[in-house]
>>> print(open('entry_9.txt').read())   # compact mmCIF, C-alpha atoms
# COMPACT_ATOMS: atom_id res chain seq x y z
CA MET V 26 -120.59 -21.35 -10.43
CA LYS V 27 -122.33 -22.32 -7.20
CA HIS V 28 -120.02 -25.33 -6.87
CA CYS V 29 -116.98 -23.11 -7.23
CA LEU V 30 -118.32 -20.71 -4.60
CA SER V 31 -118.95 -23.59 -2.21
CA VAL V 32 -115.44 -24.94 -2.70
CA CYS V 33 -113.93 -21.50 -2.05
CA LEU V 34 -115.97 -21.07 1.12
CA LEU V 35 -114.95 -24.54 2.29
CA LEU V 36 -111.24 -23.81 1.64
CA ALA V 37 -111.52 -20.52 3.47
CA PHE V 38 -113.10 -22.27 6.46
CA PHE V 39 -110.32 -24.86 6.67
CA ALA V 40 -107.63 -22.17 6.27
CA SER V 41 -109.14 -20.15 9.10
CA ALA V 42 -109.32 -23.22 11.34
CA GLN V 43 -105.71 -24.10 10.55
CA ALA V 44 -104.57 -20.56 11.35
CA GLN V 45 -106.34 -20.68 14.70
CA GLN V 46 -104.60 -23.96 15.52
CA LEU V 47 -101.20 -22.49 14.64
CA ASP V 48 -101.88 -19.42 16.78
CA SER V 49 -102.65 -21.63 19.74
CA LEU V 50 -99.29 -23.46 19.48
CA PRO V 51 -96.55 -22.29 21.90
CA VAL V 52 -93.86 -20.12 20.26
CA ALA V 53 -90.26 -21.19 20.93
CA GLN V 54 -88.34 -18.37 22.57
CA PRO V 55 -84.64 -17.92 21.74
CA LYS V 56 -82.45 -19.17 24.57
CA LYS V 57 -80.52 -16.54 26.43
CA LYS V 58 -76.85 -17.35 26.82
CA ASP V 59 -75.94 -18.31 30.35
CA TRP V 60 -72.57 -16.60 30.79
CA SER V 61 -72.23 -18.00 34.32
CA LYS V 62 -71.43 -21.43 32.87
CA LEU V 63 -68.32 -20.19 31.07
CA ASP V 64 -64.98 -21.04 32.64
CA LEU V 65 -62.85 -17.94 32.10
CA SER V 66 -60.17 -18.75 34.67
CA GLN V 67 -57.64 -20.01 32.10
CA ARG V 68 -58.71 -17.97 29.10
CA SER V 69 -56.37 -16.08 26.82
CA ALA V 70 -57.17 -12.38 27.31
CA ASP V 71 -54.40 -10.22 25.79
CA HIS V 72 -52.29 -10.29 28.95
CA LEU V 73 -49.12 -9.53 26.94
CA MET V 74 -49.08 -6.89 24.21
CA LEU V 75 -46.36 -5.67 21.84
CA GLN V 76 -46.92 -2.63 19.65
CA PHE V 77 -44.86 -1.25 16.80
CA GLY V 78 -45.94 1.73 14.76
CA TYR V 79 -45.26 4.94 12.89
CA ALA V 80 -44.95 8.05 15.06
CA GLY V 81 -45.29 11.75 14.42
CA TRP V 82 -46.07 15.16 15.88
CA MET V 83 -49.21 17.24 15.52
CA LYS V 84 -48.81 21.02 15.20
CA THR V 85 -45.21 20.72 13.97
CA PRO V 86 -43.85 24.16 12.95
CA ASP V 87 -42.65 24.61 9.37
CA THR V 88 -39.15 25.32 10.69
CA ILE V 89 -38.83 21.72 11.93
CA ASN V 90 -37.86 19.23 9.26
CA THR V 91 -38.79 15.73 10.42
CA GLY V 92 -37.92 12.85 8.12
CA GLY V 93 -37.21 9.17 7.89
CA PHE V 94 -39.21 6.43 9.59
CA SER V 95 -40.17 7.90 12.96
CA ARG V 96 -41.50 5.07 15.10
CA SER V 97 -42.87 3.99 18.44
CA PHE V 98 -42.48 0.74 20.36
CA ASN V 99 -44.55 -0.31 23.38
CA ILE V 100 -44.70 -3.40 25.57
CA TYR V 101 -47.43 -3.94 28.18
CA PHE V 102 -48.57 -6.59 30.65
CA PHE V 103 -52.32 -6.54 31.37
CA PHE V 104 -54.79 -7.80 33.93
CA ASP V 105 -58.21 -8.44 32.38
CA PHE V 106 -61.46 -8.12 34.37
CA PRO V 107 -64.53 -9.44 32.47
CA PHE V 108 -68.03 -8.18 33.24
CA LYS V 109 -70.02 -10.88 35.07
CA SER V 110 -73.25 -10.06 33.23
CA ASN V 111 -71.56 -10.12 29.81
CA PRO V 112 -67.90 -11.25 29.62
CA ARG V 113 -67.68 -10.08 26.03
CA LEU V 114 -66.99 -6.77 27.76
CA SER V 115 -63.99 -6.42 30.05
CA VAL V 116 -61.61 -3.89 31.54
CA GLY V 117 -57.90 -4.23 30.84
CA LEU V 118 -55.46 -2.58 33.27
CA GLY V 119 -51.77 -2.82 32.51
CA ALA V 120 -48.26 -1.53 33.01
CA GLY V 121 -45.28 -1.34 30.69
CA TYR V 122 -42.86 0.78 28.71
CA GLY V 123 -43.45 3.03 25.72
CA SER V 124 -40.90 4.81 23.54
CA ASP V 125 -41.01 7.31 20.66
CA ASN V 126 -38.22 7.88 18.15
CA ILE V 127 -38.63 11.02 16.02
CA PHE V 128 -36.18 11.36 13.12
CA PHE V 129 -35.01 14.60 11.49
CA LYS V 130 -33.32 15.69 8.26
CA LYS V 131 -30.81 18.55 8.06
CA THR V 132 -31.81 19.68 11.53
CA LEU V 133 -29.97 20.59 14.71
CA VAL V 134 -31.60 19.25 17.89
CA ASP V 135 -30.06 20.56 21.11
CA ILE V 136 -31.74 19.46 24.38
CA LYS V 137 -28.99 20.82 26.66
CA SER V 138 -29.10 24.52 25.82
CA GLY V 139 -29.46 27.15 28.53
CA THR V 140 -33.16 27.97 28.43
CA ALA V 141 -35.06 25.70 26.01
CA VAL V 142 -34.77 22.97 23.42
CA ILE V 143 -33.30 24.20 20.15
CA ILE V 144 -34.62 22.59 16.96
CA ARG V 145 -33.61 24.41 13.79
CA LYS V 146 -32.46 23.77 10.25
CA ASP V 147 -28.81 22.89 9.82
CA THR V 148 -27.51 22.70 6.25
CA ILE V 149 -23.82 22.71 7.20
CA THR V 150 -23.47 19.55 9.29
CA GLN V 151 -23.94 16.39 7.24
CA TYR V 152 -26.13 14.03 9.27
CA LYS V 153 -26.42 10.41 8.25
CA LYS V 154 -29.11 9.89 10.89
CA LEU V 155 -30.51 11.93 13.77
CA LYS V 156 -33.28 11.02 16.19
CA LEU V 157 -34.89 12.33 19.36
CA GLN V 158 -35.90 9.50 21.68
CA THR V 159 -38.13 9.55 24.75
CA GLY V 160 -39.17 6.67 27.01
CA TYR V 161 -42.04 6.36 29.49
CA ILE V 162 -43.23 3.98 32.19
CA GLU V 163 -46.91 3.70 31.30
CA ILE V 164 -50.23 2.52 32.75
CA PRO V 165 -52.82 1.81 30.04
CA LEU V 166 -56.54 1.32 30.79
CA GLU V 167 -58.85 -0.22 28.18
CA LEU V 168 -62.57 -0.93 27.88
CA ARG V 169 -62.57 -4.08 25.73
CA TYR V 170 -65.08 -5.94 23.59
CA SER V 171 -64.51 -9.43 22.14
CA THR V 172 -66.84 -11.72 20.21
CA ASN V 173 -65.04 -14.72 21.74
CA PRO V 174 -64.66 -14.09 25.48
CA GLU V 175 -63.48 -17.65 26.15
CA ASN V 176 -60.43 -17.18 23.92
CA MET V 177 -59.54 -13.65 22.82
CA ASN V 178 -56.87 -15.08 20.50
CA LYS V 179 -59.81 -15.71 18.17
CA GLY V 180 -62.66 -13.51 17.03
CA PHE V 181 -63.21 -9.80 16.47
CA LYS V 182 -62.05 -7.41 19.18
CA PHE V 183 -62.23 -3.70 19.90
CA ALA V 184 -60.78 -1.59 22.71
CA ILE V 185 -60.80 2.08 23.65
CA GLY V 186 -59.19 3.84 26.57
CA ALA V 187 -56.28 5.96 27.75
CA LYS V 188 -52.77 5.64 29.10
CA VAL V 189 -50.73 7.69 31.56
CA GLY V 190 -46.95 7.82 31.25
CA LEU V 191 -44.05 8.99 33.40
CA LEU V 192 -40.93 10.21 31.58
CA VAL V 193 -37.80 8.16 32.31
CA ASP V 194 -35.57 8.88 29.31
CA GLY V 195 -34.87 11.70 26.86
CA LYS V 196 -31.93 11.81 24.47
CA VAL V 197 -30.62 12.75 21.04
CA LYS V 198 -28.51 10.38 18.99
CA ALA V 199 -26.87 11.34 15.69
CA LYS V 200 -24.57 9.70 13.17
CA ILE V 201 -22.55 12.49 11.59
CA ASP V 202 -20.69 12.15 8.31
CA ARG V 203 -19.08 15.59 8.61
CA ASP V 204 -19.62 18.56 10.95
CA ALA V 205 -18.92 22.30 10.61
CA ALA V 206 -15.41 21.88 12.05
CA GLY V 207 -14.48 19.24 9.49
CA ASN V 208 -14.71 16.26 11.86
CA SER V 209 -16.16 13.20 10.22
CA GLY V 210 -17.51 9.72 10.86
CA TYR V 211 -18.61 9.79 14.49
CA ILE V 212 -21.65 9.25 16.70
CA TYR V 213 -23.02 12.07 18.86
CA LYS V 214 -25.18 11.45 21.96
CA GLU V 215 -26.88 13.94 24.25
CA LYS V 216 -29.09 13.02 27.22
CA GLU V 217 -31.35 15.43 29.12
CA THR V 218 -34.97 15.44 30.33
CA LYS V 219 -35.45 18.88 31.94
CA TYR V 220 -37.34 20.40 29.00
CA PHE V 221 -39.75 17.50 28.44
CA GLN V 222 -43.11 17.10 30.13
CA THR V 223 -42.53 14.73 33.05
CA SER V 224 -45.87 12.98 32.41
CA ARG V 225 -48.18 12.44 29.48
CA VAL V 226 -51.79 11.38 28.90
CA ALA V 227 -52.88 9.79 25.62
CA GLY V 228 -56.10 8.41 24.18
CA ILE V 229 -55.80 4.91 22.68
CA VAL V 230 -57.91 2.67 20.45
CA ARG V 231 -57.46 -0.84 19.00
CA VAL V 232 -59.47 -2.90 16.53
CA GLY V 233 -58.73 -6.21 14.85
CA TYR V 234 -59.12 -9.97 14.82
CA GLY V 235 -57.40 -12.67 16.87
CA ASN V 236 -53.86 -11.88 17.94
CA PHE V 237 -53.51 -8.86 15.66
CA THR V 238 -55.05 -5.42 16.04
CA VAL V 239 -54.41 -2.01 14.54
CA PHE V 240 -53.81 0.62 17.21
CA GLY V 241 -53.87 4.39 17.31
CA SER V 242 -52.66 6.79 19.98
CA TYR V 243 -52.95 10.56 20.36
CA THR V 244 -51.23 12.45 23.19
CA LEU V 245 -53.43 15.02 24.88
CA THR V 246 -50.53 16.74 26.66
CA THR V 247 -47.70 18.60 24.95
CA TYR V 248 -44.34 16.93 24.38
CA PHE V 249 -42.23 19.75 25.83
CA LYS V 250 -42.86 21.92 28.87
CA GLU V 251 -44.53 25.26 28.20
CA GLY V 252 -42.00 27.71 26.79
CA ALA V 253 -39.28 25.04 26.59
CA GLY V 254 -39.97 23.88 23.03
CA PRO V 255 -42.56 23.75 20.26
CA ALA V 256 -46.11 22.89 21.44
CA VAL V 257 -46.22 19.59 19.54
CA LYS V 258 -48.38 16.61 20.49
CA PRO V 259 -47.18 13.09 19.58
CA TRP V 260 -49.35 10.51 17.82
CA SER V 261 -48.74 7.00 16.54
CA ILE V 262 -50.48 4.31 14.52
CA GLY V 263 -49.38 0.74 14.01
CA LEU V 264 -49.82 -2.96 14.68
CA SER V 265 -50.38 -4.75 18.01
CA LEU V 266 -49.52 -8.37 18.68
CA SER V 267 -51.24 -9.73 21.78
CA GLY V 268 -51.77 -13.04 23.52
CA LEU V 269 -51.52 -15.11 26.72
>>> encode(input="entry_9.txt", output="structure tokens")
Amino acid sequence: MKHCLSVCLLLAFFASAQAQQLDSLPVAQPKKKDWSKLDLSQRSADHLMLQFGYAGWMKTPDTINTGGFSRSFNIYFFFDFPFKSNPRLSVGLGAGYGSDNIFFKKTLVDIKSGTAVIIRKDTITQYKKLKLQTGYIEIPLELRYSTNPENMNKGFKFAIGAKVGLLVDGKVKAKIDRDAAGNSGYIYKEKETKYFQTSRVAGIVRVGYGNFTVFGSYTLTTYFKEGAGPAVKPWSIGLSLSGL
């Protein structure tokens, strides 16, 4: 029994001595990444962006019958400004063109009436297709994050921001099979912008990997001027393809 106790005390002594030796050894500290050594002058940073998505209106009255594949298309050219302290973060400032195409079923859309836009049900005219299209010159601003700042064509990425747009186009285009007067097989076009908001502001977000991201957009301003149409607010969600 005494021999066992002596052996245990001896083992405990050596273990304590070994622990003290380990504590005295220098601990390796993780190396902090030196971002200043990265060459970002020729990096790919989402300088060109194409977006295609599904579009719609929030707060659409029950009297408006939208239908079909309403869609949006945007194209932007960006400058990208990485943070010096951490280039995984950057600011993207761009310019480009954005368009919305809202489709309707069995609906009359008149943007040239005397006092306001008229959107109401029409069960007499037989429409093959009818859409309301608006186009904007836009300036988007994004706060970006990328896990691969040297090449944003690879790695996870996330962006959030806003865009400001200036209205440059507003029109209705319809393919009519037969109208109330019996006329058939023709295309109807109407162009007017006086009832639309001349500018718009929208919140934007993107998330994805490599060249592909899913985007969402919600317009904070109304689509039509106050009193000139329903107080709807456009939104869209879709796919972005970016590169360069």
>>> closest_residue(input="entry_9.txt", among="V:Ala205, V:Leu166, V:Leu73, V:Val239", to="Leu269 (chain V)", atoms="only C-alpha atoms")
V:Leu73
>>> atom_distance(input="entry_9.txt", atom1="CA of Asn178 (chain V)", atom2="CA of Phe237 (chain V)")
8.6 Å
>>> residues_around(input="entry_9.txt", residues="Ser265 (chain V)", least_positions_apart="3", cutoff="9 Å", atoms="only C-alpha atoms", output="list in words")
Met74, Leu75, Gln76, Phe77, Gly78, Arg231, Asn236, Phe237, Thr238, Val239 and Phe240 of chain V
>>> atom_distance(input="entry_9.txt", atom1="CA of Ser209 (chain V)", atom2="CA of Leu155 (chain V)")
14.8 Å
>>> residues_around(input="entry_9.txt", residues="region 92-98 of chain V", least_positions_apart="3", cutoff="12 Å", atoms="all atoms listed in the file", output="ChimeraX atom specification")
/V:74-82,89,101,121-132,152-161,240-242,259-266
>>> residues_around(input="entry_9.txt", residues="Ile164 (chain V)", least_positions_apart="2", cutoff="6 Å", atoms="all atoms listed in the file", output="number ranges by chain")
V: 119-120, 188-189
>>> closest_residue(input="entry_9.txt", among="V:Ala199, V:Leu191, V:Leu65, V:Val232", to="Pro112 (chain V)", atoms="all atoms listed in the file")
V:Leu65
>>> atom_distance(input="entry_9.txt", atom1="CA of Phe106 (chain V)", atom2="CA of Leu118 (chain V)")
8.2 Å
>>> residues_around(input="entry_9.txt", residues="Asp105 (chain V)", least_positions_apart="3", cutoff="7 Å", atoms="only C-alpha atoms", output="PDB file with C-alpha atoms, in the coordinates of the input")
ATOM      1  CA  ALA V  70     -57.170 -12.380  27.310  1.00  0.00           C
ATOM      2  CA  SER V 115     -63.990  -6.420  30.050  1.00  0.00           C
ATOM      3  CA  VAL V 116     -61.610  -3.890  31.540  1.00  0.00           C
ATOM      4  CA  GLY V 117     -57.900  -4.230  30.840  1.00  0.00           C
ATOM      5  CA  LEU V 118     -55.460  -2.580  33.270  1.00  0.00           C
TER       6      LEU V 118
END
>>> closest_residue(input="entry_9.txt", among="V:Leu192, V:Val226, V:Val197, V:Met177", to="Val134 (chain V)", atoms="all atoms listed in the file")
V:Val197
>>> closest_residue(input="entry_9.txt", among="V:Tyr243, V:Tyr170, V:Tyr220, V:Tyr248", to="Val142 (chain V)", atoms="only C-alpha atoms")
V:Tyr220
>>> closest_residue(input="entry_9.txt", among="V:Gly190, V:Arg169, V:Thr150, V:Thr88", to="Asn208 (chain V)", atoms="only C-alpha atoms")
V:Thr150
>>> closest_residue(input="entry_9.txt", among="V:Gln222, V:Asn173, V:Ser267, V:Thr140", to="Phe249 (chain V)", atoms="only C-alpha atoms")
V:Gln222
>>> residues_near_point(input="entry_9.txt", point="(-19.0, 20.3, 12.1)", cutoff="12 Å", atoms="only C-alpha atoms", output="list in words")
Leu133, Asp147, Thr148, Ile149, Thr150, Gln151, Tyr152, Ile201, Asp202, Arg203, Asp204, Ala205, Ala206, Gly207, Asn208, Ser209, Gly210, Tyr211 and Tyr213 of chain V
>>> residues_around(input="entry_9.txt", residues="Tyr234 (chain V)", least_positions_apart="6", cutoff="10 Å", atoms="all atoms listed in the file", output="PyMOL selection string")
chain V and resi 171-172+177-183
>>> decode(input="entry_9.txt", residues="region 108-125 of chain V", atoms="N, CA and C atoms", output="PDB file, in the first residue's frame")
ATOM      1  N   PHE V 108     -13.112  48.855 -48.545  1.00  0.00           N
ATOM      2  CA  PHE V 108     -12.597  49.452 -47.319  1.00  0.00           C
ATOM      3  C   PHE V 108     -11.114  49.087 -47.187  1.00  0.00           C
ATOM      4  N   LYS V 109     -10.263  50.036 -46.861  1.00  0.00           N
ATOM      5  CA  LYS V 109      -8.839  49.766 -46.720  1.00  0.00           C
ATOM      6  C   LYS V 109      -8.549  48.831 -45.551  1.00  0.00           C
ATOM      7  N   SER V 110      -9.266  49.002 -44.451  1.00  0.00           N
ATOM      8  CA  SER V 110      -9.031  48.187 -43.266  1.00  0.00           C
ATOM      9  C   SER V 110      -9.532  46.759 -43.433  1.00  0.00           C
ATOM     10  N   ASN V 111     -10.538  46.561 -44.281  1.00  0.00           N
ATOM     11  CA  ASN V 111     -11.111  45.232 -44.501  1.00  0.00           C
ATOM     12  C   ASN V 111     -11.809  45.215 -45.853  1.00  0.00           C
ATOM     13  N   PRO V 112     -11.111  44.841 -46.931  1.00  0.00           N
ATOM     14  CA  PRO V 112     -11.700  44.887 -48.271  1.00  0.00           C
ATOM     15  C   PRO V 112     -12.805  43.866 -48.518  1.00  0.00           C
ATOM     16  N   ARG V 113     -13.089  43.031 -47.524  1.00  0.00           N
ATOM     17  CA  ARG V 113     -14.284  42.191 -47.665  1.00  0.00           C
ATOM     18  C   ARG V 113     -15.544  43.056 -47.675  1.00  0.00           C
ATOM     19  N   LEU V 114     -15.434  44.250 -47.128  1.00  0.00           N
ATOM     20  CA  LEU V 114     -16.507  45.232 -47.181  1.00  0.00           C
ATOM     21  C   LEU V 114     -16.179  46.269 -48.242  1.00  0.00           C
ATOM     22  N   SER V 115     -17.185  46.673 -48.998  1.00  0.00           N
ATOM     23  CA  SER V 115     -16.983  47.698 -50.017  1.00  0.00           C
ATOM     24  C   SER V 115     -18.289  48.437 -50.254  1.00  0.00           C
ATOM     25  N   VAL V 116     -18.171  49.551 -50.955  1.00  0.00           N
ATOM     26  CA  VAL V 116     -19.338  50.335 -51.355  1.00  0.00           C
ATOM     27  C   VAL V 116     -19.427  50.290 -52.876  1.00  0.00           C
ATOM     28  N   GLY V 117     -20.584  49.900 -53.383  1.00  0.00           N
ATOM     29  CA  GLY V 117     -20.817  49.880 -54.822  1.00  0.00           C
ATOM     30  C   GLY V 117     -21.735  51.025 -55.225  1.00  0.00           C
ATOM     31  N   LEU V 118     -21.276  51.868 -56.136  1.00  0.00           N
ATOM     32  CA  LEU V 118     -22.069  52.984 -56.650  1.00  0.00           C
ATOM     33  C   LEU V 118     -22.208  52.820 -58.154  1.00  0.00           C
ATOM     34  N   GLY V 119     -23.448  52.820 -58.631  1.00  0.00           N
ATOM     35  CA  GLY V 119     -23.650  52.522 -60.044  1.00  0.00           C
ATOM     36  C   GLY V 119     -24.632  53.442 -60.736  1.00  0.00           C
ATOM     37  N   ALA V 120     -24.879  53.121 -61.996  1.00  0.00           N
ATOM     38  CA  ALA V 120     -25.862  53.825 -62.814  1.00  0.00           C
ATOM     39  C   ALA V 120     -26.372  52.842 -63.852  1.00  0.00           C
ATOM     40  N   GLY V 121     -27.637  53.013 -64.250  1.00  0.00           N
ATOM     41  CA  GLY V 121     -28.179  52.088 -65.235  1.00  0.00           C
ATOM     42  C   GLY V 121     -29.640  52.349 -65.524  1.00  0.00           C
ATOM     43  N   TYR V 122     -30.296  51.325 -66.007  1.00  0.00           N
ATOM     44  CA  TYR V 122     -31.697  51.428 -66.435  1.00  0.00           C
ATOM     45  C   TYR V 122     -32.501  50.303 -65.803  1.00  0.00           C
ATOM     46  N   GLY V 123     -33.684  50.655 -65.292  1.00  0.00           N
ATOM     47  CA  GLY V 123     -34.586  49.662 -64.726  1.00  0.00           C
ATOM     48  C   GLY V 123     -35.978  49.793 -65.321  1.00  0.00           C
ATOM     49  N   SER V 124     -36.619  48.664 -65.565  1.00  0.00           N
ATOM     50  CA  SER V 124     -37.965  48.695 -66.148  1.00  0.00           C
ATOM     51  C   SER V 124     -38.871  47.694 -65.442  1.00  0.00           C
ATOM     52  N   ASP V 125     -40.150  48.055 -65.339  1.00  0.00           N
ATOM     53  CA  ASP V 125     -41.187  47.180 -64.794  1.00  0.00           C
ATOM     54  C   ASP V 125     -42.263  46.981 -65.842  1.00  0.00           C
TER      55      ASP V 125
END
